[in-house]
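Chemist: Before I ask anything, let me first share the structure, which is written out below as structure tokens.
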Protein chains: 2
Amino acid sequence: MNDYSIKELSEMGAFECSFEVEVTEQMQKAFAEISGDQNPLHISLEFAKSKGFEEPLVFGMLTASFYSRLVGVYMPGLHSLFHELKASFIKPVYVGDKLTVSGRLEEVQAEYCRVVVKAAIHNQRGEKVSKATITAGVTR
Amino acid sequence: MNDYSIKELSEMGAFECSFEVEVTEQMQKAFAEISGDQNPLHISLEFAKSKGFEEPLVFGMLTASFYSRLVGVYMPGLHSLFHELKASFIKPVYVGDKLTVSGRLEEVQAEYCRVVVKAAIHNQRGEKVSKATITAGVTR
């Protein structure tokens, strides 16, 4: 886990990082349970097909949960406090997709002890499935 | 589950709804598992206290998962497709907090088959812990 301070971040210049994650059936079920979102688009093959998709869609907000890991583990890591997120969902994500979550340190607002991270998620075919701008506090 | 069509939404005028949910330890653990966010701010009492919080913080993105339910079950419900979210986390949420998630239909863009929902989450003391603007497609 990275543990950058706001001072280190403000002196570090370009900073990018990424990690990979495979979306599993178990994640999808656990997310439905947590969120209480029982929309059949994420559960029923028949319903998903009736809406023009190949398979049930992974919840957008499950995909977005990986932004929490990006900020909390990598950028800035240990001393982060999630403030704000703007996320778009651009292409369908299906169970079994292998996603690459990447972030770039866009701005360090040292006086406000916060950073702005530009993030994106691509699937195994290199298609961008989501993008986000995240503001996080840095508490050290 | 609501199943409004874009036509019904565009004719309905004011539309608000809300639901309640209690955040449990199990949700918190399942979310850490799904997201891979192992930041101790959400796990360790000692670390959370060192950062000035009473207890480990509920993940912001776990709180935001309830926006998925708001859109997928209530507003617009069955025929929704999550497009975009802008969410802020304003006050700490702790395990055991009883949250009220509320939404107001802000805009119906009938030609684009999408709606804009203004949403907020309050805790049991009436404090606003998060707010969001959500854009969702309506597929019927």
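By order in the structure tokens, chains are A, B, ...; within a chain, residues start at 1; ligands start at 1, following the order shown.
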What are the residues of chain B that have an atom within 7 Å of an atom of chain A, counting only C-alpha atoms, as a list in words?

Modeler: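 The contacting residues on chain B are Met27, Ala30, Ile34, Ser35, Gly36, Asp37, Gln38, Asn39, Gly60, Met61, Ser65, Phe66, Ser68, Arg69, Gly72, Val73, Leu78, Phe82, His83, Glu84, Leu85, Lys86, Ala87, Ser88 and Phe89 of chain B.
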
Chemist: Could you save the residues just selected, with C-alpha atoms, as a PDB file, in the first residue's frame?

Modeler:
ATOM      1  CA  MET B  27     -21.716  -5.116   4.125  1.00  0.00           C
ATOM      2  CA  ALA B  30     -18.145  -7.743   1.624  1.00  0.00           C
ATOM      3  CA  ILE B  34     -15.270  -6.847  -3.795  1.00  0.00           C
ATOM      4  CA  SER B  35     -13.356  -3.620  -4.220  1.00  0.00           C
ATOM      5  CA  GLY B  36     -10.012  -4.830  -2.919  1.00  0.00           C
ATOM      6  CA  ASP B  37      -9.752  -1.601  -0.910  1.00  0.00           C
ATOM      7  CA  GLN B  38      -7.893  -2.712   2.209  1.00  0.00           C
ATOM      8  CA  ASN B  39      -7.195   0.783   3.559  1.00  0.00           C
ATOM      9  CA  GLY B  60     -17.723   6.118   0.592  1.00  0.00           C
ATOM     10  CA  MET B  61     -18.293   3.907  -2.403  1.00  0.00           C
ATOM     11  CA  SER B  65     -23.809   1.714  -3.867  1.00  0.00           C
ATOM     12  CA  PHE B  66     -27.238   2.689  -2.519  1.00  0.00           C
ATOM     13  CA  SER B  68     -27.485   2.014  -7.644  1.00  0.00           C
ATOM     14  CA  ARG B  69     -30.560   0.725  -5.801  1.00  0.00           C
ATOM     15  CA  GLY B  72     -32.331   0.449 -10.477  1.00  0.00           C
ATOM     16  CA  VAL B  73     -35.342  -0.175  -8.266  1.00  0.00           C
ATOM     17  CA  LEU B  78     -36.791  -1.656 -14.143  1.00  0.00           C
ATOM     18  CA  PHE B  82     -26.834   3.735 -15.125  1.00  0.00           C
ATOM     19  CA  HIS B  83     -24.930   6.319 -17.210  1.00  0.00           C
ATOM     20  CA  GLU B  84     -23.167   8.716 -14.899  1.00  0.00           C
ATOM     21  CA  LEU B  85     -22.787   9.673 -11.262  1.00  0.00           C
ATOM     22  CA  LYS B  86     -21.362  12.657  -9.485  1.00  0.00           C
ATOM     23  CA  ALA B  87     -21.231  11.978  -5.754  1.00  0.00           C
ATOM     24  CA  SER B  88     -19.775  13.806  -2.757  1.00  0.00           C
ATOM     25  CA  PHE B  89     -19.093  12.354   0.663  1.00  0.00           C
TER      26      PHE B  89
END

Chemist: May I have all residues of chain B that DSSP, computed from the backbone, assigns to alpha helix (DSSP H), given as a PyMOL selection string?

Modeler: chain B and resi 6-11+25-35+45-50+60-69

Chemist: Selected residues, N, CA and C atoms, written as a CSV table (one decimal), in the first residue's frame, please.

Modeler:
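Result written to selection-v4.csv:
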chain,number,residue,atom,x,y,z
B,6,ILE,N,-40.1,6.1,-20.4
B,6,ILE,CA,-39.7,7.5,-20.5
B,6,ILE,C,-40.9,8.4,-20.8
B,7,LYS,N,-41.9,7.9,-21.5
B,7,LYS,CA,-43.2,8.6,-21.7
B,7,LYS,C,-43.9,8.9,-20.4
B,8,GLU,N,-44.0,7.9,-19.6
B,8,GLU,CA,-44.6,8.1,-18.3
B,8,GLU,C,-43.9,9.1,-17.4
B,9,LEU,N,-42.6,9.0,-17.4
B,9,LEU,CA,-41.7,9.9,-16.6
B,9,LEU,C,-41.9,11.3,-17.1
B,10,SER,N,-42.0,11.5,-18.4
B,10,SER,CA,-42.1,12.9,-18.9
B,10,SER,C,-43.4,13.5,-18.6
B,11,GLU,N,-44.4,12.7,-18.3
B,11,GLU,CA,-45.8,13.2,-18.1
B,11,GLU,C,-46.1,13.3,-16.6
B,25,GLU,N,-21.8,-4.6,9.5
B,25,GLU,CA,-20.4,-5.0,9.5
B,25,GLU,C,-20.2,-6.0,8.3
B,26,GLN,N,-21.2,-6.8,8.0
B,26,GLN,CA,-21.1,-7.7,6.9
B,26,GLN,C,-21.0,-7.0,5.5
B,27,MET,N,-21.8,-5.9,5.4
B,27,MET,CA,-21.7,-5.1,4.1
B,27,MET,C,-20.3,-4.6,4.0
B,28,GLN,N,-19.8,-4.0,5.1
B,28,GLN,CA,-18.5,-3.4,5.1
B,28,GLN,C,-17.4,-4.4,4.7
B,29,LYS,N,-17.5,-5.7,5.2
B,29,LYS,CA,-16.5,-6.7,4.9
B,29,LYS,C,-16.7,-7.1,3.4
B,30,ALA,N,-17.9,-7.3,3.0
B,30,ALA,CA,-18.1,-7.7,1.6
B,30,ALA,C,-17.6,-6.7,0.6
B,31,PHE,N,-17.8,-5.4,1.0
B,31,PHE,CA,-17.4,-4.4,0.1
B,31,PHE,C,-15.8,-4.3,0.0
B,32,ALA,N,-15.2,-4.5,1.1
B,32,ALA,CA,-13.7,-4.6,1.1
B,32,ALA,C,-13.2,-5.7,0.2
B,33,GLU,N,-13.9,-6.8,0.3
B,33,GLU,CA,-13.6,-8.0,-0.5
B,33,GLU,C,-13.8,-7.7,-2.0
B,34,ILE,N,-15.0,-7.1,-2.4
B,34,ILE,CA,-15.3,-6.8,-3.8
B,34,ILE,C,-14.3,-5.8,-4.4
B,35,SER,N,-14.1,-4.7,-3.7
B,35,SER,CA,-13.4,-3.6,-4.2
B,35,SER,C,-11.9,-3.9,-4.1
B,45,LEU,N,-9.8,0.3,14.2
B,45,LEU,CA,-10.3,1.3,15.1
B,45,LEU,C,-9.2,2.2,15.5
B,46,GLU,N,-8.0,1.7,15.7
B,46,GLU,CA,-6.9,2.4,16.1
B,46,GLU,C,-6.5,3.5,15.0
B,47,PHE,N,-6.4,3.0,13.8
B,47,PHE,CA,-6.0,3.8,12.7
B,47,PHE,C,-7.0,4.9,12.5
B,48,ALA,N,-8.3,4.5,12.5
B,48,ALA,CA,-9.4,5.5,12.3
B,48,ALA,C,-9.3,6.6,13.4
B,49,LYS,N,-9.1,6.2,14.6
B,49,LYS,CA,-9.0,7.2,15.7
B,49,LYS,C,-7.8,8.1,15.5
B,50,SER,N,-6.7,7.5,15.0
B,50,SER,CA,-5.5,8.4,14.7
B,50,SER,C,-5.7,9.4,13.7
B,60,GLY,N,-16.8,5.2,1.3
B,60,GLY,CA,-17.7,6.1,0.6
B,60,GLY,C,-18.4,5.4,-0.6
B,61,MET,N,-17.7,4.6,-1.2
B,61,MET,CA,-18.3,3.9,-2.4
B,61,MET,C,-19.3,2.8,-2.0
B,62,LEU,N,-19.2,2.3,-0.8
B,62,LEU,CA,-20.3,1.5,-0.3
B,62,LEU,C,-21.6,2.3,-0.1
B,63,THR,N,-21.4,3.4,0.6
B,63,THR,CA,-22.6,4.3,0.7
B,63,THR,C,-23.1,4.7,-0.7
B,64,ALA,N,-22.3,4.9,-1.6
B,64,ALA,CA,-22.7,5.3,-3.0
B,64,ALA,C,-23.4,4.1,-3.7
B,65,SER,N,-23.2,2.9,-3.2
B,65,SER,CA,-23.8,1.7,-3.9
B,65,SER,C,-25.3,1.8,-3.7
B,66,PHE,N,-25.8,2.5,-2.7
B,66,PHE,CA,-27.2,2.7,-2.5
B,66,PHE,C,-27.9,3.6,-3.6
B,67,TYR,N,-27.0,4.4,-4.3
B,67,TYR,CA,-27.5,5.1,-5.4
B,67,TYR,C,-27.9,4.2,-6.6
B,68,SER,N,-27.2,3.0,-6.6
B,68,SER,CA,-27.5,2.0,-7.6
B,68,SER,C,-28.9,1.5,-7.4
B,69,ARG,N,-29.2,1.2,-6.1
B,69,ARG,CA,-30.6,0.7,-5.8
B,69,ARG,C,-31.6,1.8,-6.1

Chemist: As JSON, numbers by chain, please: the residues near Leu99 (chain A) (cut-off 8 Å, only C-alpha atoms, same-chain neighbours under 4 positions excluded).

Modeler: {"A": [20, 21, 22, 23, 121, 122, 123, 124]}

Chemist: Per DSSP on the backbone, what are the strand (DSSP E) residues of region 39-123 of chain A, as a PyMOL selection string?

Modeler: chain A and resi 80-89+98-109+114-122

Chemist: Nearest to Gly126 (chain A) among A:Tyr4, A:Glu16, A:Asp97, A:Pro76, with distances taken over only C-alpha atoms: which residue is it?

Modeler: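 That would be A:Asp97, the residue with the smallest distance to Gly126 (chain A).
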